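Chemist: Contents of structure.txt (compact mmCIF, C-alpha atoms and all ligand atoms):
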```
# COMPACT_ATOMS: atom_id res chain seq x y z
CA MET M 1 -14.09 31.54 -17.10
CA ASP M 2 -15.76 30.80 -13.76
CA PRO M 3 -13.69 28.77 -11.32
CA VAL M 4 -14.37 25.05 -10.95
CA LYS M 5 -16.32 24.50 -7.73
CA VAL M 6 -15.07 21.81 -5.38
CA GLY M 7 -17.00 20.24 -2.51
CA LEU M 8 -14.81 18.71 0.20
CA LEU M 9 -16.12 15.80 2.26
CA GLY M 10 -13.95 15.73 5.39
CA LEU M 11 -11.57 18.26 6.89
CA GLY M 12 -9.21 15.92 8.75
CA THR M 13 -5.51 15.45 8.00
CA VAL M 14 -5.80 15.21 4.20
CA GLY M 15 -8.77 17.61 3.92
CA GLY M 16 -6.82 20.19 5.91
CA GLY M 17 -3.72 19.76 3.73
CA THR M 18 -5.80 20.06 0.55
CA ALA M 19 -7.61 23.24 1.68
CA THR M 20 -4.34 24.81 2.83
CA ILE M 21 -2.46 24.15 -0.43
CA LEU M 22 -5.38 25.26 -2.60
CA LYS M 23 -5.45 28.56 -0.72
CA ARG M 24 -1.68 29.10 -0.61
CA ASN M 25 -0.95 28.11 -4.23
CA ALA M 26 -4.22 29.26 -5.85
CA THR M 27 -2.59 31.42 -8.52
CA GLU M 28 0.04 28.88 -9.54
CA ILE M 29 -2.54 26.05 -9.62
CA ALA M 30 -4.93 28.12 -11.77
CA ARG M 31 -2.09 28.81 -14.22
CA ARG M 32 -1.59 25.06 -14.54
CA ALA M 33 -5.26 24.08 -14.70
CA GLY M 34 -6.27 26.85 -17.10
CA ARG M 35 -8.98 27.97 -14.70
CA GLY M 36 -9.40 28.82 -11.02
CA ILE M 37 -10.23 26.07 -8.52
CA GLU M 38 -12.39 27.11 -5.60
CA VAL M 39 -13.44 25.11 -2.56
CA ASP M 40 -17.07 26.17 -2.35
CA PHE M 41 -18.60 23.81 0.24
CA ILE M 42 -17.11 21.68 3.04
CA ALA M 43 -18.75 18.88 5.02
CA THR M 44 -17.12 18.36 8.40
CA LEU M 45 -18.19 17.22 11.83
CA GLU M 46 -15.55 19.55 13.30
CA PRO M 47 -16.53 23.06 12.11
CA GLU M 48 -13.85 24.60 14.38
CA ARG M 49 -11.21 23.07 12.04
CA ALA M 50 -12.28 25.54 9.33
CA ALA M 51 -11.29 28.48 11.52
CA GLU M 52 -8.02 26.77 12.50
CA LEU M 53 -7.19 26.31 8.81
CA GLY M 54 -8.23 29.85 7.85
CA VAL M 55 -11.10 28.69 5.62
CA ALA M 56 -14.04 29.71 7.82
CA ASP M 57 -15.37 31.91 4.99
CA ILE M 58 -16.29 28.79 2.94
CA ARG M 59 -19.80 27.30 3.24
CA LEU M 60 -19.84 24.56 5.92
CA THR M 61 -22.25 21.75 6.71
CA GLN M 62 -22.26 18.70 8.95
CA ASP M 63 -24.35 16.80 6.37
CA ALA M 64 -22.18 15.46 3.52
CA TYR M 65 -25.27 14.79 1.38
CA GLU M 66 -25.85 18.56 1.17
CA VAL M 67 -22.52 18.79 -0.67
CA VAL M 68 -23.04 15.88 -3.09
CA ASN M 69 -26.56 17.12 -3.87
CA ASP M 70 -25.56 20.77 -4.37
CA PRO M 71 -26.01 21.75 -8.06
CA ALA M 72 -23.19 24.32 -7.79
CA ILE M 73 -20.52 21.68 -7.11
CA ASP M 74 -18.55 20.31 -10.10
CA ILE M 75 -16.07 18.00 -8.30
CA VAL M 76 -16.68 16.12 -5.06
CA VAL M 77 -13.52 15.30 -3.08
CA GLU M 78 -14.16 12.37 -0.72
CA LEU M 79 -11.75 12.40 2.24
CA ILE M 80 -13.91 10.69 4.84
CA GLY M 81 -12.40 7.22 4.48
CA GLY M 82 -13.94 3.82 5.21
CA TYR M 83 -16.50 1.88 3.19
CA SER M 84 -19.71 3.54 4.34
CA PRO M 85 -21.11 6.18 4.00
CA ALA M 86 -18.24 6.99 1.60
CA LYS M 87 -19.57 4.60 -1.04
CA GLU M 88 -23.13 5.94 -0.88
CA LEU M 89 -21.85 9.52 -1.06
CA VAL M 90 -19.62 8.79 -4.08
CA MET M 91 -22.41 6.94 -5.91
CA THR M 92 -24.81 9.83 -5.22
CA ALA M 93 -22.25 12.36 -6.46
CA LEU M 94 -21.85 10.35 -9.70
CA GLU M 95 -25.60 9.97 -10.06
CA ASN M 96 -25.78 13.79 -9.77
CA GLY M 97 -23.23 14.19 -12.60
CA LYS M 98 -20.25 15.22 -10.46
CA HIS M 99 -16.67 14.10 -10.98
CA VAL M 100 -15.08 12.53 -7.92
CA VAL M 101 -11.60 12.59 -6.38
CA THR M 102 -11.02 10.19 -3.50
CA ALA M 103 -8.13 9.32 -1.20
CA ASN M 104 -10.07 6.27 -0.03
CA LYS M 105 -8.07 3.12 -0.87
CA ALA M 106 -10.45 0.87 1.05
CA LEU M 107 -13.36 2.15 -1.03
CA ILE M 108 -11.57 1.77 -4.37
CA ALA M 109 -10.09 -1.65 -3.53
CA MET M 110 -13.44 -3.02 -2.39
CA HIS M 111 -16.00 -1.23 -4.59
CA GLY M 112 -13.90 0.32 -7.38
CA ASP M 113 -15.29 -1.87 -10.16
CA GLU M 114 -18.87 -0.83 -9.36
CA ILE M 115 -17.91 2.84 -8.91
CA PHE M 116 -15.98 2.92 -12.21
CA ALA M 117 -18.88 1.30 -14.05
CA LYS M 118 -21.20 4.04 -12.79
CA ALA M 119 -18.66 6.74 -13.73
CA GLN M 120 -18.31 5.19 -17.20
CA GLU M 121 -22.08 5.11 -17.67
CA LYS M 122 -22.31 8.78 -16.70
CA GLY M 123 -19.22 9.92 -18.63
CA LEU M 124 -17.50 11.06 -15.43
CA VAL M 125 -14.06 10.71 -13.89
CA VAL M 126 -13.26 9.06 -10.57
CA ALA M 127 -9.65 9.95 -9.71
CA PHE M 128 -7.77 8.30 -6.86
CA GLU M 129 -4.08 9.23 -6.98
CA PRO M 130 -4.02 10.07 -3.23
CA ALA M 131 -5.33 6.59 -2.40
CA VAL M 132 -1.95 4.93 -3.03
CA ALA M 133 1.41 6.01 -1.64
CA GLY M 134 0.36 9.49 -0.47
CA GLY M 135 2.08 12.19 -2.50
CA ILE M 136 3.84 9.89 -4.99
CA PRO M 137 2.22 10.07 -8.46
CA ILE M 138 2.37 6.28 -8.86
CA ILE M 139 -1.08 5.85 -10.44
CA LYS M 140 -0.21 8.38 -13.13
CA ALA M 141 3.18 6.76 -13.68
CA LEU M 142 1.69 3.29 -14.11
CA ARG M 143 -1.37 4.33 -16.13
CA GLU M 144 0.32 6.83 -18.40
CA GLY M 145 4.11 7.01 -18.11
CA LEU M 146 4.58 3.23 -18.38
CA ALA M 147 1.78 2.59 -20.91
CA ALA M 148 4.25 1.07 -23.40
CA ASN M 149 5.37 -1.67 -21.03
CA GLN M 150 4.33 -5.12 -19.99
CA VAL M 151 4.76 -4.72 -16.26
CA GLU M 152 6.59 -7.82 -15.00
CA TRP M 153 6.40 -7.06 -11.30
CA LEU M 154 6.15 -4.26 -8.82
CA ALA M 155 7.13 -4.12 -5.17
CA GLY M 156 6.33 -1.31 -2.80
CA ILE M 157 6.60 0.03 0.70
CA ILE M 158 3.08 1.43 0.65
CA ASN M 159 2.18 1.94 4.29
CA GLY M 160 3.95 4.86 5.94
CA THR M 161 2.93 3.94 9.46
CA GLY M 162 4.34 0.40 9.20
CA ASN M 163 7.57 1.67 7.67
CA PHE M 164 7.86 4.32 10.40
CA ILE M 165 7.46 1.62 13.06
CA LEU M 166 10.03 -0.76 11.50
CA THR M 167 12.51 2.10 11.03
CA GLU M 168 12.23 3.38 14.60
CA MET M 169 12.51 -0.18 15.98
CA ARG M 170 15.68 -0.79 13.95
CA ASP M 171 17.37 2.60 14.39
CA LYS M 172 16.40 3.48 17.93
CA GLY M 173 15.29 0.20 19.47
CA ARG M 174 11.96 1.86 20.24
CA ASP M 175 8.95 -0.04 21.45
CA PHE M 176 6.31 -0.99 18.84
CA ASP M 177 3.34 0.57 20.72
CA ASP M 178 5.20 3.78 21.46
CA VAL M 179 6.02 4.37 17.76
CA LEU M 180 2.48 3.50 16.71
CA ALA M 181 1.11 6.11 19.16
CA GLU M 182 3.41 8.72 17.59
CA ALA M 183 2.24 7.77 14.07
CA GLN M 184 -1.37 8.21 15.25
CA ALA M 185 -0.60 11.63 16.75
CA LEU M 186 1.03 12.72 13.46
CA GLY M 187 -2.10 11.72 11.51
CA TYR M 188 -0.35 8.93 9.54
CA ALA M 189 -2.24 5.95 10.95
CA GLU M 190 -5.66 4.72 9.86
CA ALA M 191 -8.69 5.27 12.13
CA ASP M 192 -8.24 1.58 13.02
CA PRO M 193 -4.44 1.23 13.25
CA THR M 194 -4.61 -2.56 12.87
CA PHE M 195 -5.22 -1.75 9.18
CA ASP M 196 -1.65 -0.38 9.10
CA VAL M 197 0.03 -2.94 11.32
CA GLU M 198 -1.69 -6.04 9.92
CA GLY M 199 -1.18 -5.03 6.28
CA ILE M 200 -4.82 -4.41 5.32
CA ASP M 201 -4.14 -0.81 4.25
CA ALA M 202 -1.18 -1.99 2.15
CA ALA M 203 -3.33 -4.78 0.66
CA HIS M 204 -5.97 -2.23 -0.37
CA LYS M 205 -3.28 -0.22 -2.14
CA LEU M 206 -1.56 -3.24 -3.68
CA SER M 207 -4.77 -4.58 -5.21
CA ILE M 208 -5.24 -1.17 -6.89
CA LEU M 209 -1.66 -1.16 -8.23
CA SER M 210 -1.95 -4.75 -9.41
CA SER M 211 -5.12 -4.07 -11.40
CA ILE M 212 -3.56 -1.05 -13.05
CA ALA M 213 -0.31 -2.87 -13.77
CA PHE M 214 -1.83 -6.05 -15.23
CA GLY M 215 -5.29 -5.04 -16.48
CA ILE M 216 -7.31 -7.26 -14.15
CA PRO M 217 -10.41 -6.39 -12.08
CA LEU M 218 -9.83 -5.26 -8.48
CA GLN M 219 -9.43 -8.30 -6.21
CA PHE M 220 -8.61 -7.16 -2.69
CA ASP M 221 -10.12 -10.37 -1.27
CA LYS M 222 -7.49 -12.45 -3.10
CA THR M 223 -4.52 -10.48 -1.71
CA TYR M 224 -2.44 -12.50 0.75
CA THR M 225 -1.98 -10.27 3.81
CA GLU M 226 0.46 -10.66 6.69
CA GLY M 227 1.33 -7.91 9.19
CA ILE M 228 4.46 -6.80 11.02
CA SER M 229 3.31 -7.33 14.59
CA LYS M 230 5.29 -10.57 15.00
CA ILE M 231 8.63 -9.11 13.88
CA THR M 232 11.07 -9.04 16.81
CA GLN M 233 14.22 -7.03 17.49
CA GLU M 234 16.13 -10.35 17.10
CA ASP M 235 14.81 -10.88 13.56
CA VAL M 236 15.79 -7.30 12.66
CA ALA M 237 19.33 -7.89 14.04
CA TYR M 238 19.80 -11.34 12.44
CA ALA M 239 18.62 -10.01 9.08
CA GLU M 240 21.21 -7.20 9.34
CA GLU M 241 23.92 -9.73 10.11
CA LEU M 242 23.00 -11.60 6.93
CA GLY M 243 23.08 -8.36 4.88
CA TYR M 244 19.32 -7.71 4.70
CA ARG M 245 16.70 -5.22 5.94
CA ILE M 246 13.18 -6.23 6.89
CA LYS M 247 10.51 -4.18 5.12
CA HIS M 248 6.74 -4.56 4.94
CA LEU M 249 6.39 -5.06 1.21
CA GLY M 250 3.49 -5.32 -1.21
CA VAL M 251 4.45 -7.48 -4.19
CA ALA M 252 2.49 -8.02 -7.42
CA ARG M 253 4.14 -10.26 -10.00
CA ARG M 254 2.99 -11.71 -13.31
CA THR M 255 3.84 -15.41 -13.67
CA GLU M 256 2.88 -17.97 -16.32
CA SER M 257 0.16 -19.41 -14.10
CA GLY M 258 -1.28 -16.14 -12.75
CA ILE M 259 -0.68 -13.04 -10.68
CA GLU M 260 1.04 -13.11 -7.30
CA GLN M 261 -0.59 -10.46 -5.09
CA ARG M 262 0.81 -10.41 -1.57
CA VAL M 263 1.70 -8.18 1.40
CA HIS M 264 4.10 -9.45 4.06
CA PRO M 265 7.31 -8.64 5.93
CA THR M 266 10.20 -9.26 3.52
CA LEU M 267 13.98 -9.46 3.74
CA ILE M 268 15.53 -7.23 1.06
CA PRO M 269 19.29 -7.05 0.34
CA GLU M 270 20.51 -3.91 2.13
CA SER M 271 22.21 -2.66 -1.05
CA ARG M 272 18.85 -2.11 -2.78
CA LEU M 273 17.64 1.52 -2.76
CA ILE M 274 14.21 0.42 -1.55
CA ALA M 275 15.78 -1.26 1.49
CA ASN M 276 16.92 2.21 2.55
CA VAL M 277 13.49 3.86 2.40
CA ASN M 278 12.90 4.90 6.00
CA GLY M 279 10.36 6.53 8.28
CA VAL M 280 6.99 7.48 6.82
CA MET M 281 8.42 7.50 3.29
CA ASN M 282 6.97 5.13 0.68
CA ALA M 283 8.57 3.75 -2.47
CA VAL M 284 7.35 1.62 -5.36
CA LEU M 285 9.73 -0.25 -7.65
CA VAL M 286 8.23 -1.22 -11.02
CA GLN M 287 9.87 -3.59 -13.48
CA GLY M 288 8.67 -3.01 -17.05
CA ASP M 289 9.82 -5.10 -20.02
CA ALA M 290 10.85 -2.03 -22.03
CA VAL M 291 11.97 0.54 -19.48
CA GLY M 292 13.50 -1.88 -16.95
CA ALA M 293 13.30 -0.94 -13.28
CA THR M 294 11.93 2.45 -12.21
CA LEU M 295 11.61 3.61 -8.61
CA TYR M 296 9.10 6.11 -7.22
CA TYR M 297 9.82 7.58 -3.80
CA GLY M 298 8.17 10.12 -1.53
CA ALA M 299 6.02 10.81 1.51
CA GLY M 300 3.40 8.09 1.83
CA ALA M 301 1.15 9.88 4.31
CA GLY M 302 0.60 13.30 5.84
CA ASP M 303 -1.57 16.35 5.26
CA GLU M 304 0.11 18.33 2.48
CA ALA M 305 1.89 15.34 0.87
CA THR M 306 -1.42 13.56 0.30
CA GLY M 307 -3.16 16.89 -0.40
CA SER M 308 -0.67 17.36 -3.24
CA ALA M 309 -2.00 14.18 -4.91
CA VAL M 310 -5.62 15.23 -4.30
CA ILE M 311 -5.01 18.54 -6.06
CA ALA M 312 -3.16 16.89 -8.96
CA ASP M 313 -6.36 14.91 -9.60
CA ILE M 314 -8.53 18.03 -9.31
CA VAL M 315 -6.27 19.77 -11.83
CA ASP M 316 -6.50 16.80 -14.26
CA ILE M 317 -10.29 16.89 -14.10
CA THR M 318 -10.36 20.68 -14.45
CA ARG M 319 -8.23 20.44 -17.59
CA ALA M 320 -10.53 17.77 -19.03
CA LEU M 321 -13.59 19.91 -18.21
CA THR M 322 -12.05 23.00 -19.68
CA SER M 323 -10.04 22.16 -22.76
CA ASP M 324 -9.91 18.48 -23.63
CA PRO M 325 -13.10 16.68 -22.56
CA GLN M 326 -12.50 13.48 -24.54
CA ASN M 327 -8.96 12.89 -23.34
CA ARG M 328 -9.84 10.55 -20.48
CA VAL M 329 -7.46 7.89 -19.17
CA PRO M 330 -9.29 4.61 -18.26
CA HIS M 331 -9.74 4.17 -14.50
CA LEU M 332 -7.70 0.95 -14.35
CA ALA M 333 -5.36 1.98 -17.21
CA PHE M 334 -6.82 -0.61 -19.62
CA GLN M 335 -10.11 -0.07 -21.48
CA PRO M 336 -12.91 -1.63 -19.35
CA SER M 337 -13.73 -4.19 -22.08
CA GLU M 338 -10.07 -5.26 -22.18
CA LEU M 339 -9.65 -6.32 -18.54
CA GLN M 340 -8.45 -9.95 -18.36
CA ASN M 341 -9.33 -12.87 -16.14
CA THR M 342 -5.72 -13.79 -15.35
CA PRO M 343 -6.07 -15.55 -11.98
CA VAL M 344 -4.59 -14.18 -8.77
CA LEU M 345 -2.61 -17.12 -7.38
CA GLU M 346 -3.26 -18.92 -4.11
CA MET M 347 -0.42 -18.22 -1.71
CA ASP M 348 0.91 -21.81 -1.69
CA GLN M 349 1.61 -21.49 -5.44
CA VAL M 350 3.83 -18.43 -4.89
CA GLN M 351 7.61 -18.78 -5.11
CA THR M 352 10.05 -16.93 -2.84
CA ALA M 353 13.16 -17.53 -0.80
CA PHE M 354 12.77 -17.66 2.98
CA TYR M 355 14.44 -16.50 6.18
CA VAL M 356 13.62 -19.05 8.87
CA ARG M 357 14.40 -18.68 12.58
CA LEU M 358 14.06 -21.75 14.77
CA ALA M 359 14.41 -21.86 18.55
CA VAL M 360 16.11 -25.22 19.13
CA LYS M 361 17.57 -27.37 21.90
CA HIS M 362 21.34 -26.87 21.76
CA GLN M 363 22.32 -30.51 21.34
CA ALA M 364 23.89 -32.89 18.81
CA GLY M 365 21.90 -33.91 15.74
CA VAL M 366 19.37 -31.04 15.68
CA LEU M 367 20.66 -29.53 12.46
CA ALA M 368 20.68 -32.92 10.75
CA GLU M 369 16.99 -33.45 11.58
CA VAL M 370 16.07 -30.01 10.26
CA THR M 371 18.11 -30.25 7.08
CA SER M 372 16.85 -33.73 6.22
CA ILE M 373 13.24 -32.44 6.28
CA LEU M 374 14.22 -29.46 4.12
CA GLY M 375 16.25 -31.68 1.78
CA ALA M 376 13.31 -34.04 1.26
CA LYS M 377 11.35 -31.05 -0.08
CA ASN M 378 14.26 -29.96 -2.25
CA ILE M 379 14.74 -26.83 -0.14
CA SER M 380 18.37 -25.79 -0.14
CA ILE M 381 20.12 -23.63 2.48
CA GLU M 382 21.89 -20.56 1.09
CA ALA M 383 23.14 -19.09 4.41
CA PHE M 384 23.18 -20.18 8.01
CA LEU M 385 23.68 -18.59 11.47
CA GLN M 386 23.57 -20.18 14.90
CA LYS M 387 23.30 -18.16 18.10
CA VAL M 388 23.48 -19.71 21.54
CA ILE M 389 21.00 -17.69 23.62
CA ASN M 390 23.19 -17.55 26.77
CA GLU M 391 26.63 -19.05 27.38
CA GLY M 392 26.14 -22.57 28.79
CA SER M 393 22.40 -22.53 27.96
CA ASP M 394 20.73 -25.49 26.23
CA GLU M 395 18.82 -23.17 23.88
CA ALA M 396 19.94 -21.73 20.59
CA ASP M 397 18.50 -19.87 17.60
CA ILE M 398 19.16 -21.31 14.15
CA ILE M 399 18.70 -18.87 11.28
CA LEU M 400 18.52 -20.14 7.69
CA LEU M 401 18.20 -18.46 4.32
CA THR M 402 16.80 -20.78 1.65
CA ASN M 403 16.75 -20.81 -2.14
CA VAL M 404 13.55 -19.84 -3.98
CA VAL M 405 10.95 -22.49 -3.19
CA ASN M 406 7.22 -23.10 -3.44
CA GLU M 407 5.36 -21.63 -0.47
CA GLY M 408 3.36 -24.87 -0.17
CA ASP M 409 6.57 -26.97 0.14
CA MET M 410 7.91 -24.60 2.79
CA ASN M 411 4.65 -24.80 4.76
CA ASP M 412 4.82 -28.62 4.71
CA ALA M 413 8.47 -28.66 5.77
CA LEU M 414 7.93 -26.17 8.60
CA ALA M 415 4.96 -28.12 9.92
CA GLN M 416 7.21 -31.20 10.17
CA ILE M 417 10.08 -29.20 11.71
CA GLU M 418 7.82 -27.57 14.31
CA ALA M 419 6.65 -31.05 15.36
CA LEU M 420 10.20 -32.16 16.26
CA ASP M 421 10.97 -32.58 19.98
CA VAL M 422 14.12 -30.51 19.59
CA ILE M 423 12.24 -27.42 18.36
CA ASN M 424 10.80 -24.94 20.87
CA GLY M 425 7.64 -23.12 19.76
CA ASN M 426 6.85 -22.06 16.22
CA ALA M 427 9.29 -21.15 13.47
CA THR M 428 9.53 -17.52 12.41
CA ARG M 429 9.35 -17.32 8.65
CA ILE M 430 9.93 -14.17 6.58
CA ARG M 431 9.98 -14.14 2.80
CA VAL M 432 13.08 -12.85 1.00
CA GLU M 433 12.97 -10.84 -2.26
CA ALA M 434 16.18 -10.07 -4.16
CA LEU M 435 14.33 -7.44 -6.28
CA SER M 436 17.01 -7.71 -8.94
N1 LIG I 501 -2.29 4.94 7.12
C1 LIG I 501 -1.72 5.18 5.84
C2 LIG I 501 -0.21 5.01 5.94
C3 LIG I 501 -2.07 6.57 5.40
O1 LIG I 501 0.32 5.00 7.05
O2 LIG I 501 0.43 4.85 4.92
C4 LIG I 501 -1.78 6.83 3.97
O3 LIG I 501 -2.52 6.00 3.12
```
Let me see the structure of the file written as structure tokens.
Ligand code: HSE

Modeler:
Amino acid sequence: MDPVKVGLLGLGTVGGGTATILKRNATEIARRAGRGIEVDFIATLEPERAAELGVADIRLTQDAYEVVNDPAIDIVVELIGGYSPAKELVMTALENGKHVVTANKALIAMHGDEIFAKAQEKGLVVAFEPAVAGGIPIIKALREGLAANQVEWLAGIINGTGNFILTEMRDKGRDFDDVLAEAQALGYAEADPTFDVEGIDAAHKLSILSSIAFGIPLQFDKTYTEGISKITQEDVAYAEELGYRIKHLGVARRTESGIEQRVHPTLIPESRLIANVNGVMNAVLVQGDAVGATLYYGAGAGDEATGSAVIADIVDITRALTSDPQNRVPHLAFQPSELQNTPVLEMDQVQTAFYVRLAVKHQAGVLAEVTSILGAKNISIEAFLQKVINEGSDEADIILLTNVVNEGDMNDALAQIEALDVINGNATRIRVEALS
């Protein structure tokens, strides 16, 4: 049987990893897919990359539309990133009857519903395993391996760059900007690294996971998103003293009133496995009603790690094309007609515990003022630390861990606390998840 012909859009970090693995492991991959897989056409603005990667013998163009319009191509692999022209290219590929693999989480999170509808209409597959958590097969696990379960919640470290930064800050006391520059040089960071640092990349990925876990349409715009740029060395050290690690977590949880969908720095008990996921590694913890907790761990970014997920999708499509054309898994795990309107909750309806750090005047009565405001909102203190900034100074840090409370109540209480004369500046507030 003739090999399946792949057109690659983009030969950057992930495109390079994909081309390299397909070449190196061609025989093994063909044995798995039941047919050869051949990269037949590559669109890249850097043709010299093809020579660097040893694939200069493959047809090259600088115009991606030549690839998506080429009748010889069976599967288009979109590795350009961003919303446009990626969306137009993917829609054209589908219009032309080509299956699509994409690593583009922004595209799927923002336009997935429209793209899947077009794929459905045309009887085609849009596969996006590499879009979430790099090389970890988390989409397959949720869509297929956990199909028996009602997913209760999932929580993930799903941005490698952010986790790399937090790890280096904690372990080596390195400067934020310095670590970010290294992540960019290693090809982990997004073209706009604020997407990593401010949680937008993680929110793209979380909205995809949430839809697949709960059978709801993609709703990136309803994902609460908070970055890591305000986390200080002091917060990292205080959290350690209290027995916690700070991680940038994406959390999706089913509650009676709706779905919590949120990305923010989070204190996690240091004994949890996920609290010990370091560097560029990602991990997703999924709680299913039947299976209990399962944890998926691996490289969340990088050329061959993400290329591994790209090729897994190409192999799935090749198998469907070759031997089992009707055996298609729905794009969002649930049949399109069965998606539900369960609301994604506003953030002030969400319930978590909190770490709160207050810079206070070191004088009598401060704690009483703070605790009476918290008490009036029924917010209870589970642990407490006080640190005098310098011996003899009139400034101190107060660090509190609270019980699980309504975000809205905590916002009200902190607004009142920040208005007190004895409080300097704004409170630092980090959510705490026990993940038990
Ligand atoms: N910028 C992303 C990250 C790349 O650091 O996780 C992988 O999606």

Chemist: Looking at all atoms listed in the file, which of M:Ile317, M:Ala30, M:Ala155, M:Leu218 is the one that sits closest to Val76 of chain M?

Modeler: M:Ile317

Chemist: Box for segment 292-303 of chain M - axis-aligned, 4 Å on each of the six sides, all listed atoms - centre and size in Å to one decimal, as AutoDock Vina command-line options.

Modeler:
```
--center_x 6.0 --center_y 7.2 --center_z -5.6 --size_x 23.1 --size_y 26.2 --size_z 30.8
```

Chemist: Which protein, DNA or RNA residues have an atom within 9 Å of ligand LIG 501 (chain I), counting only C-alpha atoms and all ligand atoms, as a PyMOL selection string?

Modeler: chain M and resi 103-105+130-134+157-164+183-184+187-191+193+195-196+201-202+205+280-282+299-302+306

Chemist: Just checking: using all atoms listed in the file, which residue out of M:Ile314, M:Leu435, M:Val67, M:Leu400 ends up closest to Gly7 of chain M?

Modeler: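 So, comparing all the options, the nearest one is M:Val67.
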
Chemist: Can you work out the spacing between atom CA of Ala237 of chain M and atom CA of Met410 of chain M in Å, to one decimal?

Modeler: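 Computed distance, atom CA of Ala237 of chain M to atom CA of Met410 of chain M, equals 23.2 Å.
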
Chemist: Please provide the set of residues having any atom within 9 Å of Gly408 of chain M, restricted to only C-alpha atoms, with same-chain residues fewer than 4 positions apart removed, written as a PDB file with C-alpha atoms, in the coordinates of the input.

Modeler:
```pdb
ATOM      1  CA  MET M 347      -0.420 -18.220  -1.710  1.00  0.00           C
ATOM      2  CA  ASP M 348       0.910 -21.810  -1.690  1.00  0.00           C
ATOM      3  CA  GLN M 349       1.610 -21.490  -5.440  1.00  0.00           C
ATOM      4  CA  VAL M 350       3.830 -18.430  -4.890  1.00  0.00           C
ATOM      5  CA  GLN M 351       7.610 -18.780  -5.110  1.00  0.00           C
ATOM      6  CA  ASP M 412       4.820 -28.620   4.710  1.00  0.00           C
ATOM      7  CA  ALA M 413       8.470 -28.660   5.770  1.00  0.00           C
TER       8      ALA M 413
END
```

Chemist: Which polymer residues, whether protein, DNA or RNA, lie within 10 Å of the coordinate (-14.8, 27.7, -20.5) when you count all atoms listed in the file? List them as a ChimeraX atom specification, using the chain letters and numbers from the file.

Modeler: /M:1-4,34-35,321-323

Chemist: With a distance cut-off of 8 Å and only C-alpha atoms, select the neighbouring residues of Gly227 of chain M, excluding the residue or stretch itself and same-chain residues fewer than 4 positions from it, and output the selection as a VMD selection string.

Modeler: chain M and resid 197 to 199 248 263 to 265

Chemist: Could you give me, as a VMD selection string, the residues within 9 Å of segment 383-396 of chain M, counting only C-alpha atoms and dropping anything in the same chain fewer than 2 positions from it?

Modeler: chain M and resid 238 241 to 242 358 to 363 381 398 to 402 424

Chemist: Using atom CA of Val284 of chain M and atom CA of Tyr296 of chain M as the two end points, give the distance in Å to one decimal.

Modeler: 5.2 Å

Chemist: Any idea what the distance is between atom CA of Glu369 of chain M and atom CA of Thr428 of chain M?

Modeler: 17.6 Å

Chemist: Point out the residue among M:Asp221, M:Glu38, M:Glu52, M:Glu270 with the least atom-to-atom distance to Ala106 of chain M, counting all atoms listed in the file.

Modeler: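 Going through M:Asp221, M:Glu38, M:Glu52, M:Glu270 one by one, the smallest distance to Ala106 of chain M is for M:Asp221.
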